[in-house]
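Raw protein_14.cif, mmCIF, N, CA and C atoms:
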data_data
loop_
_atom_site.label_atom_id
_atom_site.label_comp_id
_atom_site.auth_asym_id
_atom_site.auth_seq_id
_atom_site.Cartn_x
_atom_site.Cartn_y
_atom_site.Cartn_z
N MET A 6 0.84 -1.16 0.00
CA MET A 6 0.00 0.00 0.00
C MET A 6 0.89 1.23 0.00
N ASP A 7 0.65 2.13 -0.93
CA ASP A 7 1.39 3.37 -1.01
C ASP A 7 0.54 4.47 -0.39
N ARG A 8 1.13 5.19 0.55
CA ARG A 8 0.37 6.26 1.22
C ARG A 8 1.18 7.54 1.14
N ASP A 9 0.47 8.63 0.85
CA ASP A 9 1.15 9.90 0.92
C ASP A 9 0.18 10.96 1.38
N THR A 10 0.73 11.95 2.05
CA THR A 10 -0.09 13.02 2.60
C THR A 10 -0.22 14.10 1.54
N GLY A 11 -1.45 14.42 1.20
CA GLY A 11 -1.71 15.48 0.24
C GLY A 11 -1.69 16.81 0.97
N GLU A 12 -2.64 17.63 0.67
CA GLU A 12 -2.73 18.91 1.37
C GLU A 12 -3.10 18.66 2.83
N ALA A 13 -2.99 19.70 3.66
CA ALA A 13 -3.27 19.55 5.08
C ALA A 13 -4.66 18.96 5.28
N GLY A 14 -4.75 17.99 6.16
CA GLY A 14 -6.03 17.37 6.46
C GLY A 14 -6.47 16.35 5.43
N GLU A 15 -5.50 15.76 4.70
CA GLU A 15 -5.85 14.79 3.66
C GLU A 15 -4.76 13.73 3.52
N VAL A 16 -5.16 12.48 3.31
CA VAL A 16 -4.23 11.38 3.05
C VAL A 16 -4.73 10.61 1.83
N HIS A 17 -3.79 10.25 0.95
CA HIS A 17 -4.11 9.44 -0.23
C HIS A 17 -3.41 8.10 -0.10
N THR A 18 -4.13 7.04 -0.40
CA THR A 18 -3.57 5.70 -0.37
C THR A 18 -3.94 5.00 -1.67
N SER A 19 -2.98 4.28 -2.22
CA SER A 19 -3.22 3.47 -3.40
C SER A 19 -3.35 2.03 -2.92
N TYR A 20 -4.50 1.44 -3.10
CA TYR A 20 -4.79 0.10 -2.59
C TYR A 20 -4.86 -0.90 -3.74
N ASP A 21 -4.21 -2.03 -3.57
CA ASP A 21 -4.25 -3.13 -4.54
C ASP A 21 -4.65 -4.39 -3.78
N ARG A 22 -5.77 -4.98 -4.14
CA ARG A 22 -6.32 -6.13 -3.40
C ARG A 22 -5.32 -7.29 -3.32
N GLU A 23 -4.67 -7.61 -4.43
CA GLU A 23 -3.74 -8.75 -4.43
C GLU A 23 -2.48 -8.45 -3.65
N ARG A 24 -2.00 -7.23 -3.69
CA ARG A 24 -0.76 -6.87 -3.01
C ARG A 24 -0.97 -6.53 -1.54
N ASP A 25 -2.08 -5.82 -1.24
CA ASP A 25 -2.26 -5.25 0.10
C ASP A 25 -3.19 -6.03 1.00
N GLY A 26 -3.99 -6.93 0.47
CA GLY A 26 -4.88 -7.70 1.31
C GLY A 26 -6.17 -6.98 1.63
N SER A 27 -6.32 -6.52 2.84
CA SER A 27 -7.59 -5.99 3.33
C SER A 27 -7.77 -4.49 3.05
N LEU A 28 -8.83 -4.17 2.33
CA LEU A 28 -9.19 -2.77 2.11
C LEU A 28 -9.55 -2.12 3.44
N THR A 29 -10.21 -2.87 4.30
CA THR A 29 -10.59 -2.37 5.63
C THR A 29 -9.36 -1.89 6.39
N ALA A 30 -8.30 -2.71 6.41
CA ALA A 30 -7.08 -2.33 7.11
C ALA A 30 -6.46 -1.07 6.49
N ALA A 31 -6.47 -0.98 5.17
CA ALA A 31 -5.91 0.20 4.49
C ALA A 31 -6.65 1.46 4.89
N ILE A 32 -7.97 1.38 4.97
CA ILE A 32 -8.78 2.55 5.35
C ILE A 32 -8.52 2.93 6.80
N VAL A 33 -8.55 1.95 7.68
CA VAL A 33 -8.35 2.22 9.11
C VAL A 33 -6.97 2.83 9.35
N GLU A 34 -5.94 2.30 8.69
CA GLU A 34 -4.59 2.83 8.85
C GLU A 34 -4.48 4.26 8.31
N ALA A 35 -5.13 4.56 7.19
CA ALA A 35 -5.10 5.91 6.63
C ALA A 35 -5.82 6.91 7.54
N VAL A 36 -6.97 6.51 8.08
CA VAL A 36 -7.70 7.39 9.00
C VAL A 36 -6.89 7.62 10.27
N ALA A 37 -6.29 6.57 10.80
CA ALA A 37 -5.46 6.71 12.00
C ALA A 37 -4.27 7.64 11.73
N ALA A 38 -3.65 7.49 10.55
CA ALA A 38 -2.51 8.35 10.21
C ALA A 38 -2.93 9.81 10.13
N LEU A 39 -4.09 10.06 9.55
CA LEU A 39 -4.57 11.43 9.42
C LEU A 39 -4.95 12.02 10.77
N ASN A 40 -5.58 11.20 11.60
CA ASN A 40 -6.02 11.68 12.92
C ASN A 40 -4.90 11.66 13.96
N GLY A 41 -3.75 11.11 13.60
CA GLY A 41 -2.62 11.07 14.53
C GLY A 41 -2.80 10.08 15.65
N GLY A 42 -3.61 9.07 15.42
CA GLY A 42 -3.86 8.07 16.45
C GLY A 42 -3.39 6.69 16.03
N HIS A 43 -3.84 5.70 16.76
CA HIS A 43 -3.51 4.31 16.47
C HIS A 43 -4.80 3.59 16.07
N PRO A 44 -4.74 2.70 15.09
CA PRO A 44 -5.96 2.01 14.64
C PRO A 44 -6.76 1.35 15.76
N THR A 45 -6.10 0.85 16.78
CA THR A 45 -6.83 0.17 17.86
C THR A 45 -7.55 1.15 18.78
N ASP A 46 -7.27 2.44 18.66
CA ASP A 46 -7.93 3.45 19.50
C ASP A 46 -9.24 3.94 18.89
N MET A 47 -9.56 3.49 17.67
CA MET A 47 -10.74 3.98 16.98
C MET A 47 -11.90 3.00 17.13
N GLU A 48 -13.08 3.52 16.83
CA GLU A 48 -14.25 2.65 16.73
C GLU A 48 -14.00 1.68 15.58
N PRO A 49 -14.60 0.50 15.59
CA PRO A 49 -14.45 -0.41 14.45
C PRO A 49 -15.07 0.21 13.19
N LEU A 50 -14.48 -0.06 12.04
CA LEU A 50 -14.99 0.45 10.77
C LEU A 50 -16.44 0.04 10.56
N GLY A 51 -16.80 -1.12 11.10
CA GLY A 51 -18.17 -1.62 10.96
C GLY A 51 -19.23 -0.72 11.58
N THR A 52 -18.85 0.25 12.40
CA THR A 52 -19.83 1.18 12.95
C THR A 52 -20.25 2.21 11.90
N ALA A 53 -19.44 2.34 10.81
CA ALA A 53 -19.75 3.31 9.77
C ALA A 53 -20.28 2.67 8.50
N ILE A 54 -19.76 1.48 8.19
CA ILE A 54 -20.11 0.81 6.93
C ILE A 54 -19.84 -0.68 7.09
N ASP A 55 -20.54 -1.50 6.33
CA ASP A 55 -20.30 -2.94 6.36
C ASP A 55 -19.00 -3.23 5.61
N PRO A 56 -17.91 -3.61 6.30
CA PRO A 56 -16.62 -3.81 5.64
C PRO A 56 -16.64 -4.87 4.54
N GLY A 57 -17.35 -5.96 4.76
CA GLY A 57 -17.43 -7.01 3.75
C GLY A 57 -18.13 -6.53 2.48
N ALA A 58 -19.23 -5.81 2.65
CA ALA A 58 -19.95 -5.29 1.50
C ALA A 58 -19.11 -4.24 0.76
N LEU A 59 -18.37 -3.43 1.51
CA LEU A 59 -17.49 -2.43 0.89
C LEU A 59 -16.42 -3.12 0.05
N GLU A 60 -15.76 -4.12 0.63
CA GLU A 60 -14.71 -4.85 -0.11
C GLU A 60 -15.28 -5.46 -1.38
N GLN A 61 -16.44 -6.10 -1.28
CA GLN A 61 -17.05 -6.75 -2.45
C GLN A 61 -17.44 -5.72 -3.50
N LEU A 62 -18.00 -4.60 -3.09
CA LEU A 62 -18.41 -3.56 -4.04
C LEU A 62 -17.20 -2.99 -4.78
N VAL A 63 -16.14 -2.66 -4.06
CA VAL A 63 -14.95 -2.10 -4.69
C VAL A 63 -14.31 -3.13 -5.62
N PHE A 64 -14.27 -4.39 -5.19
CA PHE A 64 -13.72 -5.46 -6.03
C PHE A 64 -14.55 -5.59 -7.31
N SER A 65 -15.88 -5.58 -7.19
CA SER A 65 -16.75 -5.70 -8.36
C SER A 65 -16.57 -4.51 -9.30
N LEU A 66 -16.48 -3.32 -8.75
CA LEU A 66 -16.27 -2.13 -9.57
C LEU A 66 -14.93 -2.20 -10.29
N GLY A 67 -13.91 -2.71 -9.61
CA GLY A 67 -12.58 -2.82 -10.19
C GLY A 67 -12.52 -3.79 -11.36
N ARG A 68 -13.38 -4.80 -11.37
CA ARG A 68 -13.40 -5.79 -12.46
C ARG A 68 -14.22 -5.31 -13.64
N SER A 69 -15.04 -4.31 -13.44
CA SER A 69 -15.88 -3.83 -14.54
C SER A 69 -15.13 -2.74 -15.32
N SER A 70 -15.69 -2.37 -16.44
CA SER A 70 -15.07 -1.31 -17.25
C SER A 70 -15.59 0.06 -16.83
N ARG A 71 -16.47 0.09 -15.87
CA ARG A 71 -17.05 1.36 -15.42
C ARG A 71 -16.28 1.89 -14.23
N GLU A 72 -16.17 3.20 -14.19
CA GLU A 72 -15.55 3.84 -13.02
C GLU A 72 -16.63 4.02 -11.96
N GLY A 73 -16.21 3.92 -10.72
CA GLY A 73 -17.15 4.12 -9.64
C GLY A 73 -16.42 4.56 -8.39
N ARG A 74 -17.20 5.03 -7.44
CA ARG A 74 -16.62 5.45 -6.16
C ARG A 74 -17.64 5.23 -5.06
N VAL A 75 -17.10 5.01 -3.87
CA VAL A 75 -17.91 4.84 -2.67
C VAL A 75 -17.40 5.84 -1.65
N GLY A 76 -18.30 6.56 -1.01
CA GLY A 76 -17.90 7.52 0.01
C GLY A 76 -18.71 7.32 1.28
N PHE A 77 -18.05 7.54 2.42
CA PHE A 77 -18.72 7.44 3.71
C PHE A 77 -17.90 8.20 4.74
N THR A 78 -18.50 8.43 5.89
CA THR A 78 -17.84 9.14 6.98
C THR A 78 -17.45 8.13 8.05
N PHE A 79 -16.20 8.27 8.54
CA PHE A 79 -15.70 7.38 9.58
C PHE A 79 -14.70 8.13 10.44
N ASP A 80 -14.92 8.12 11.75
CA ASP A 80 -14.03 8.72 12.73
C ASP A 80 -13.66 10.16 12.39
N GLY A 81 -14.66 10.95 12.02
CA GLY A 81 -14.44 12.36 11.73
C GLY A 81 -13.79 12.63 10.39
N CYS A 82 -13.75 11.63 9.52
CA CYS A 82 -13.13 11.78 8.21
C CYS A 82 -14.10 11.37 7.11
N ARG A 83 -13.94 11.99 5.97
CA ARG A 83 -14.68 11.59 4.77
C ARG A 83 -13.76 10.66 3.99
N VAL A 84 -14.20 9.42 3.79
CA VAL A 84 -13.41 8.40 3.09
C VAL A 84 -14.03 8.18 1.73
N THR A 85 -13.21 8.22 0.68
CA THR A 85 -13.66 7.94 -0.67
C THR A 85 -12.77 6.85 -1.26
N VAL A 86 -13.39 5.80 -1.78
CA VAL A 86 -12.67 4.70 -2.41
C VAL A 86 -13.16 4.62 -3.85
N THR A 87 -12.22 4.63 -4.80
CA THR A 87 -12.60 4.54 -6.20
C THR A 87 -12.36 3.13 -6.72
N SER A 88 -12.94 2.85 -7.88
CA SER A 88 -12.85 1.51 -8.46
C SER A 88 -11.42 1.11 -8.81
N ASP A 89 -10.52 2.07 -9.00
CA ASP A 89 -9.13 1.73 -9.31
C ASP A 89 -8.27 1.58 -8.07
N GLY A 90 -8.88 1.63 -6.88
CA GLY A 90 -8.15 1.39 -5.63
C GLY A 90 -7.61 2.64 -4.95
N ALA A 91 -7.93 3.80 -5.47
CA ALA A 91 -7.49 5.04 -4.81
C ALA A 91 -8.37 5.29 -3.58
N VAL A 92 -7.73 5.51 -2.45
CA VAL A 92 -8.43 5.82 -1.21
C VAL A 92 -8.01 7.21 -0.79
N THR A 93 -8.98 8.10 -0.61
CA THR A 93 -8.71 9.45 -0.13
C THR A 93 -9.43 9.64 1.19
N VAL A 94 -8.71 10.14 2.18
CA VAL A 94 -9.29 10.39 3.50
C VAL A 94 -9.09 11.87 3.80
N ARG A 95 -10.18 12.57 4.10
CA ARG A 95 -10.13 14.00 4.43
C ARG A 95 -10.79 14.23 5.78
N LEU A 96 -10.21 15.14 6.54
CA LEU A 96 -10.84 15.52 7.80
C LEU A 96 -12.15 16.23 7.50
N GLU A 97 -13.17 15.89 8.22
CA GLU A 97 -14.43 16.61 8.13
C GLU A 97 -14.49 17.57 9.28
N PRO A 98 -14.80 18.83 9.01
CA PRO A 98 -14.89 19.76 10.13
C PRO A 98 -16.02 19.36 11.07
N ALA A 99 -15.74 19.44 12.35
CA ALA A 99 -16.78 19.11 13.34
C ALA A 99 -17.80 20.24 13.37
N THR A 100 -19.04 19.87 13.47
CA THR A 100 -20.09 20.87 13.63
C THR A 100 -20.73 20.65 14.99
N PRO A 101 -21.21 21.72 15.61
CA PRO A 101 -21.75 21.59 16.96
C PRO A 101 -22.85 20.54 17.10
N ASP A 102 -23.67 20.34 16.07
CA ASP A 102 -24.76 19.38 16.22
C ASP A 102 -24.30 17.93 16.11
N GLN A 103 -23.02 17.70 15.75
CA GLN A 103 -22.51 16.33 15.69
C GLN A 103 -22.01 15.87 17.06
N VAL A 104 -21.76 16.78 17.97
CA VAL A 104 -21.20 16.44 19.26
C VAL A 104 -22.35 16.26 20.25
N THR A 105 -22.65 14.98 20.54
CA THR A 105 -23.76 14.70 21.44
C THR A 105 -23.35 13.86 22.64
N THR A 106 -22.09 13.42 22.65
CA THR A 106 -21.61 12.62 23.77
C THR A 106 -20.24 13.15 24.19
N GLU A 107 -19.80 12.75 25.37
CA GLU A 107 -18.48 13.15 25.86
C GLU A 107 -17.38 12.59 24.95
N ALA A 108 -17.56 11.36 24.48
CA ALA A 108 -16.57 10.75 23.59
C ALA A 108 -16.46 11.53 22.27
N GLU A 109 -17.60 11.96 21.72
CA GLU A 109 -17.58 12.77 20.49
C GLU A 109 -16.91 14.12 20.74
N PHE A 110 -17.15 14.71 21.90
CA PHE A 110 -16.50 15.97 22.25
C PHE A 110 -14.99 15.80 22.30
N GLU A 111 -14.53 14.75 22.99
CA GLU A 111 -13.09 14.52 23.10
C GLU A 111 -12.46 14.25 21.74
N ALA A 112 -13.15 13.48 20.90
CA ALA A 112 -12.61 13.19 19.56
C ALA A 112 -12.57 14.45 18.70
N ALA A 113 -13.62 15.27 18.76
CA ALA A 113 -13.65 16.51 17.97
C ALA A 113 -12.58 17.48 18.46
N LEU A 114 -12.40 17.58 19.75
CA LEU A 114 -11.37 18.47 20.30
C LEU A 114 -9.98 17.99 19.90
N ALA A 115 -9.73 16.68 19.97
CA ALA A 115 -8.44 16.13 19.59
C ALA A 115 -8.15 16.39 18.11
N ARG A 116 -9.17 16.18 17.25
CA ARG A 116 -8.99 16.45 15.81
C ARG A 116 -8.69 17.92 15.57
N LEU A 117 -9.40 18.81 16.27
CA LEU A 117 -9.20 20.24 16.10
C LEU A 117 -7.79 20.65 16.51
N VAL A 118 -7.30 20.15 17.63
CA VAL A 118 -5.96 20.48 18.10
C VAL A 118 -4.92 19.95 17.11
N ARG A 119 -5.08 18.69 16.64
CA ARG A 119 -4.13 18.12 15.68
C ARG A 119 -4.11 18.92 14.39
N GLU A 120 -5.30 19.31 13.89
CA GLU A 120 -5.38 20.07 12.64
C GLU A 120 -4.73 21.44 12.81
N ALA A 121 -4.98 22.09 13.94
CA ALA A 121 -4.36 23.40 14.19
C ALA A 121 -2.85 23.28 14.22
N GLU A 122 -2.34 22.28 14.93
CA GLU A 122 -0.88 22.08 14.99
C GLU A 122 -0.31 21.79 13.62
N ALA A 123 -0.98 20.97 12.83
CA ALA A 123 -0.50 20.62 11.49
C ALA A 123 -0.43 21.85 10.59
N ASN A 124 -1.27 22.84 10.87
CA ASN A 124 -1.29 24.07 10.07
C ASN A 124 -0.51 25.20 10.70
N GLY A 125 0.30 24.88 11.72
CA GLY A 125 1.17 25.89 12.32
C GLY A 125 0.51 26.82 13.32
N VAL A 126 -0.67 26.48 13.78
CA VAL A 126 -1.36 27.31 14.77
C VAL A 126 -0.94 26.85 16.16
N GLY A 127 -0.42 27.77 16.97
CA GLY A 127 -0.03 27.43 18.33
C GLY A 127 -1.25 27.14 19.18
N VAL A 128 -1.26 26.02 19.86
CA VAL A 128 -2.43 25.65 20.64
C VAL A 128 -2.17 25.65 22.15
N ASP A 129 -0.88 25.80 22.55
CA ASP A 129 -0.58 25.83 23.99
C ASP A 129 -1.11 27.12 24.60
N GLY A 130 -1.67 27.02 25.79
CA GLY A 130 -2.10 28.21 26.50
C GLY A 130 -3.53 28.13 26.97
N GLY A 131 -4.04 29.26 27.39
CA GLY A 131 -5.40 29.35 27.90
C GLY A 131 -6.30 30.05 26.90
N TRP A 132 -7.52 29.62 26.85
CA TRP A 132 -8.49 30.17 25.90
C TRP A 132 -9.82 30.41 26.60
N ALA A 133 -10.43 31.53 26.31
CA ALA A 133 -11.78 31.80 26.81
C ALA A 133 -12.75 31.50 25.68
N CYS A 134 -13.74 30.69 25.94
CA CYS A 134 -14.74 30.34 24.93
C CYS A 134 -16.10 30.79 25.43
N GLN A 135 -16.76 31.57 24.59
CA GLN A 135 -18.09 32.04 24.96
C GLN A 135 -18.93 32.20 23.71
N GLY A 136 -20.19 32.15 23.89
CA GLY A 136 -21.06 32.33 22.73
C GLY A 136 -22.51 32.39 23.13
N GLY A 137 -23.16 33.44 22.70
CA GLY A 137 -24.60 33.58 22.92
C GLY A 137 -24.99 33.47 24.38
N SER A 138 -25.96 32.60 24.65
CA SER A 138 -26.47 32.44 26.01
C SER A 138 -25.67 31.42 26.81
N LEU A 139 -24.63 30.83 26.21
CA LEU A 139 -23.83 29.83 26.91
C LEU A 139 -22.89 30.52 27.91
N PRO A 140 -22.51 29.82 28.96
CA PRO A 140 -21.55 30.40 29.90
C PRO A 140 -20.17 30.52 29.27
N THR A 141 -19.34 31.36 29.84
CA THR A 141 -17.96 31.47 29.38
C THR A 141 -17.17 30.34 30.00
N TRP A 142 -16.40 29.65 29.16
CA TRP A 142 -15.59 28.53 29.61
C TRP A 142 -14.13 28.91 29.46
N GLY A 143 -13.33 28.52 30.42
CA GLY A 143 -11.89 28.68 30.32
C GLY A 143 -11.28 27.34 29.98
N ILE A 144 -10.51 27.30 28.91
CA ILE A 144 -9.89 26.06 28.47
C ILE A 144 -8.39 26.24 28.45
N GLU A 145 -7.67 25.31 29.05
CA GLU A 145 -6.22 25.36 29.06
C GLU A 145 -5.71 24.13 28.33
N ILE A 146 -4.81 24.38 27.37
CA ILE A 146 -4.23 23.28 26.60
C ILE A 146 -2.74 23.26 26.85
N TYR A 147 -2.26 22.09 27.26
CA TYR A 147 -0.82 21.94 27.49
C TYR A 147 -0.41 20.51 27.13
N GLU A 148 0.85 20.34 26.78
CA GLU A 148 1.35 19.04 26.39
C GLU A 148 1.63 18.19 27.61
N VAL A 149 1.19 16.94 27.58
CA VAL A 149 1.41 16.01 28.68
C VAL A 149 2.40 14.95 28.22
N GLU A 150 3.44 14.74 28.98
CA GLU A 150 4.39 13.69 28.65
C GLU A 150 3.86 12.38 29.20
N GLU A 151 3.83 11.37 28.34
CA GLU A 151 3.31 10.05 28.76
C GLU A 151 4.44 9.08 28.95
#
Can the structure in the file be given as structure tokens, please?
Amino acid sequence: MDRDTGEAGEVHTSYDRERDGSLTAAIVEAVAALNGGHPTDMEPLGTAIDPGALEQLVFSLGRSSREGRVGFTFDGCRVTVTSDGAVTVRLEPATPDQVTTEAEFEAALARLVREAEANGVGVDGGWACQGGSLPTWGIEIYEVEE
């Protein structure tokens, strides 16, 4: 599997079924690389799409003379797989109505911090967040050594 980082917030992978094996693994690894995490730290791909059906669809498209693509959202990313095996993963901006649980909040915040750092935005320090009728929140971001 050949992987390269395109513009900020995007990863491209060239997938070949005979050479690379599992399309599912290729997608999960690309999403993890873009999000700066480890594949085992993510929800299973099956929470977003049926992996077996995806593999079969892409394989069938690849054998036909027609071009095709499949797109879906997984772990805060838009994943597109084309019939020729090109996999593109792009960060999807978080919107307030998508955050309904503490886990979604933590994932959206982590993605936001990683994206800011990747684009050269300093994230260390304290921030005041306020808006409309919501209370003002003080947020402090600092690096933790593990």
Could you pull out the residues in chain A that DSSP calls alpha helix (DSSP H) from the backbone, as JSON, numbers by chain?
{"A": [22, 23, 24, 25, 28, 29, 30, 31, 32, 33, 34, 35, 36, 37, 38, 39, 40, 56, 57, 58, 59, 60, 61, 62, 63, 64, 65, 66, 67, 68, 107, 108, 109, 110, 111, 112, 113, 114, 115, 116, 117, 118, 119, 120, 121, 122, 123]}
Could you write out the selected residues, including N, CA and C atoms, as a tab-separated table (two decimals), in the coordinates of the input?
chain	number	residue	atom	x	y	z
A	22	ARG	N	-5.77	-4.98	-4.14
A	22	ARG	CA	-6.32	-6.13	-3.40
A	22	ARG	C	-5.32	-7.29	-3.32
A	23	GLU	N	-4.67	-7.61	-4.43
A	23	GLU	CA	-3.74	-8.75	-4.43
A	23	GLU	C	-2.48	-8.45	-3.65
A	24	ARG	N	-2.00	-7.23	-3.69
A	24	ARG	CA	-0.76	-6.87	-3.01
A	24	ARG	C	-0.97	-6.53	-1.54
A	25	ASP	N	-2.08	-5.82	-1.24
A	25	ASP	CA	-2.26	-5.25	0.10
A	25	ASP	C	-3.19	-6.03	1.00
A	28	LEU	N	-8.83	-4.17	2.33
A	28	LEU	CA	-9.19	-2.77	2.11
A	28	LEU	C	-9.55	-2.12	3.44
A	29	THR	N	-10.21	-2.87	4.30
A	29	THR	CA	-10.59	-2.37	5.63
A	29	THR	C	-9.36	-1.89	6.39
A	30	ALA	N	-8.30	-2.71	6.41
A	30	ALA	CA	-7.08	-2.33	7.11
A	30	ALA	C	-6.46	-1.07	6.49
A	31	ALA	N	-6.47	-0.98	5.17
A	31	ALA	CA	-5.91	0.20	4.49
A	31	ALA	C	-6.65	1.46	4.89
A	32	ILE	N	-7.97	1.38	4.97
A	32	ILE	CA	-8.78	2.55	5.35
A	32	ILE	C	-8.52	2.93	6.80
A	33	VAL	N	-8.55	1.95	7.68
A	33	VAL	CA	-8.35	2.22	9.11
A	33	VAL	C	-6.97	2.83	9.35
A	34	GLU	N	-5.94	2.30	8.69
A	34	GLU	CA	-4.59	2.83	8.85
A	34	GLU	C	-4.48	4.26	8.31
A	35	ALA	N	-5.13	4.56	7.19
A	35	ALA	CA	-5.10	5.91	6.63
A	35	ALA	C	-5.82	6.91	7.54
A	36	VAL	N	-6.97	6.51	8.08
A	36	VAL	CA	-7.70	7.39	9.00
A	36	VAL	C	-6.89	7.62	10.27
A	37	ALA	N	-6.29	6.57	10.80
A	37	ALA	CA	-5.46	6.71	12.00
A	37	ALA	C	-4.27	7.64	11.73
A	38	ALA	N	-3.65	7.49	10.55
A	38	ALA	CA	-2.51	8.35	10.21
A	38	ALA	C	-2.93	9.81	10.13
A	39	LEU	N	-4.09	10.06	9.55
A	39	LEU	CA	-4.57	11.43	9.42
A	39	LEU	C	-4.95	12.02	10.77
A	40	ASN	N	-5.58	11.20	11.60
A	40	ASN	CA	-6.02	11.68	12.92
A	40	ASN	C	-4.90	11.66	13.96
A	56	PRO	N	-17.91	-3.61	6.30
A	56	PRO	CA	-16.62	-3.81	5.64
A	56	PRO	C	-16.64	-4.87	4.54
A	57	GLY	N	-17.35	-5.96	4.76
A	57	GLY	CA	-17.43	-7.01	3.75
A	57	GLY	C	-18.13	-6.53	2.48
A	58	ALA	N	-19.23	-5.81	2.65
A	58	ALA	CA	-19.95	-5.29	1.50
A	58	ALA	C	-19.11	-4.24	0.76
A	59	LEU	N	-18.37	-3.43	1.51
A	59	LEU	CA	-17.49	-2.43	0.89
A	59	LEU	C	-16.42	-3.12	0.05
A	60	GLU	N	-15.76	-4.12	0.63
A	60	GLU	CA	-14.71	-4.85	-0.11
A	60	GLU	C	-15.28	-5.46	-1.38
A	61	GLN	N	-16.44	-6.10	-1.28
A	61	GLN	CA	-17.05	-6.75	-2.45
A	61	GLN	C	-17.44	-5.72	-3.50
A	62	LEU	N	-18.00	-4.60	-3.09
A	62	LEU	CA	-18.41	-3.56	-4.04
A	62	LEU	C	-17.20	-2.99	-4.78
A	63	VAL	N	-16.14	-2.66	-4.06
A	63	VAL	CA	-14.95	-2.10	-4.69
A	63	VAL	C	-14.31	-3.13	-5.62
A	64	PHE	N	-14.27	-4.39	-5.19
A	64	PHE	CA	-13.72	-5.46	-6.03
A	64	PHE	C	-14.55	-5.59	-7.31
A	65	SER	N	-15.88	-5.58	-7.19
A	65	SER	CA	-16.75	-5.70	-8.36
A	65	SER	C	-16.57	-4.51	-9.30
A	66	LEU	N	-16.48	-3.32	-8.75
A	66	LEU	CA	-16.27	-2.13	-9.57
A	66	LEU	C	-14.93	-2.20	-10.29
A	67	GLY	N	-13.91	-2.71	-9.61
A	67	GLY	CA	-12.58	-2.82	-10.19
A	67	GLY	C	-12.52	-3.79	-11.36
A	68	ARG	N	-13.38	-4.80	-11.37
A	68	ARG	CA	-13.40	-5.79	-12.46
A	68	ARG	C	-14.22	-5.31	-13.64
A	107	GLU	N	-19.80	12.75	25.37
A	107	GLU	CA	-18.48	13.15	25.86
A	107	GLU	C	-17.38	12.59	24.95
A	108	ALA	N	-17.56	11.36	24.48
A	108	ALA	CA	-16.57	10.75	23.59
A	108	ALA	C	-16.46	11.53	22.27
A	109	GLU	N	-17.60	11.96	21.72
A	109	GLU	CA	-17.58	12.77	20.49
A	109	GLU	C	-16.91	14.12	20.74
A	110	PHE	N	-17.15	14.71	21.90
A	110	PHE	CA	-16.50	15.97	22.25
A	110	PHE	C	-14.99	15.80	22.30
A	111	GLU	N	-14.53	14.75	22.99
A	111	GLU	CA	-13.09	14.52	23.10
A	111	GLU	C	-12.46	14.25	21.74
A	112	ALA	N	-13.15	13.48	20.90
A	112	ALA	CA	-12.61	13.19	19.56
A	112	ALA	C	-12.57	14.45	18.70
A	113	ALA	N	-13.62	15.27	18.76
A	113	ALA	CA	-13.65	16.51	17.97
A	113	ALA	C	-12.58	17.48	18.46
A	114	LEU	N	-12.40	17.58	19.75
A	114	LEU	CA	-11.37	18.47	20.30
A	114	LEU	C	-9.98	17.99	19.90
A	115	ALA	N	-9.73	16.68	19.97
A	115	ALA	CA	-8.44	16.13	19.59
A	115	ALA	C	-8.15	16.39	18.11
A	116	ARG	N	-9.17	16.18	17.25
A	116	ARG	CA	-8.99	16.45	15.81
A	116	ARG	C	-8.69	17.92	15.57
A	117	LEU	N	-9.40	18.81	16.27
A	117	LEU	CA	-9.20	20.24	16.10
A	117	LEU	C	-7.79	20.65	16.51
A	118	VAL	N	-7.30	20.15	17.63
A	118	VAL	CA	-5.96	20.48	18.10
A	118	VAL	C	-4.92	19.95	17.11
A	119	ARG	N	-5.08	18.69	16.64
A	119	ARG	CA	-4.13	18.12	15.68
A	119	ARG	C	-4.11	18.92	14.39
A	120	GLU	N	-5.30	19.31	13.89
A	120	GLU	CA	-5.38	20.07	12.64
A	120	GLU	C	-4.73	21.44	12.81
A	121	ALA	N	-4.98	22.09	13.94
A	121	ALA	CA	-4.36	23.40	14.19
A	121	ALA	C	-2.85	23.28	14.22
A	122	GLU	N	-2.34	22.28	14.93
A	122	GLU	CA	-0.88	22.08	14.99
A	122	GLU	C	-0.31	21.79	13.62
A	123	ALA	N	-0.98	20.97	12.83
A	123	ALA	CA	-0.50	20.62	11.49
A	123	ALA	C	-0.43	21.85	10.59
From the list A:Ala31, A:Thr52, A:Ser19, A:Ala38, which residue is nearest A:Asp89 when using all atoms listed in the file?
A:Ser19
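Of the residues listed (A:Glu15, A:Asp21, A:Asp129, A:Glu109), A:Asp129 shows the shortest atom-to-atom separation from A:Glu148; distances use all atoms listed in the file.
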Residue by residue, what does the PyMOL selection byres ((chain A and resi 95) around 8) grab here? Present the result as a list of chain:residue names.
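Written out, the selection comes to A:Ala13, A:Gly14, A:Glu15, A:Val16, A:His17, A:Ala35, A:Val36, A:Leu39, A:Gly81, A:Cys82, A:Arg83, A:Val84, A:Thr85, A:Val92, A:Thr93, A:Val94, A:Leu96, A:Glu97, A:Pro98.
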Coordinates of box centre and edge lengths for stretch 125-128 of chain A, 3 Å on every side, axis-aligned, as JSON:
{"center_x": -0.6, "center_y": 26.3, "center_z": 16.9, "size_x": 9.6, "size_y": 8.9, "size_z": 16.4}
Between atom C of A:Asp80 and atom CA of A:Glu145 - distance in Å to one decimal:
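Atom C of A:Asp80 lies at a distance of 23.8 Å from atom CA of A:Glu145.
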Using only N, CA and C atoms, which protein or nucleic acid residues come within 6 Å of stretch 58-73 of chain A? Drop anything in the same chain fewer than 6 positions from it, and give the result as a ChimeraX atom specification.
/A:86-89
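Near A:Gly130, within 6 Å and counting all atoms listed in the file, sit Ile144, Glu145, Ile146 and Tyr147 of chain A; same-chain residues fewer than 3 positions away were not included.
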To one decimal place, how far is atom N of A:Pro140 from atom N of A:Asn124 in Å?
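According to the coordinates, atom N of A:Pro140 and atom N of A:Asn124 are separated by 28.8 Å.
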Which residue gives the smallest distance to A:Glu120 among A:Trp132, A:Thr141, A:Gly41, A:Asp55, with only C-alpha atoms counted?
A:Gly41
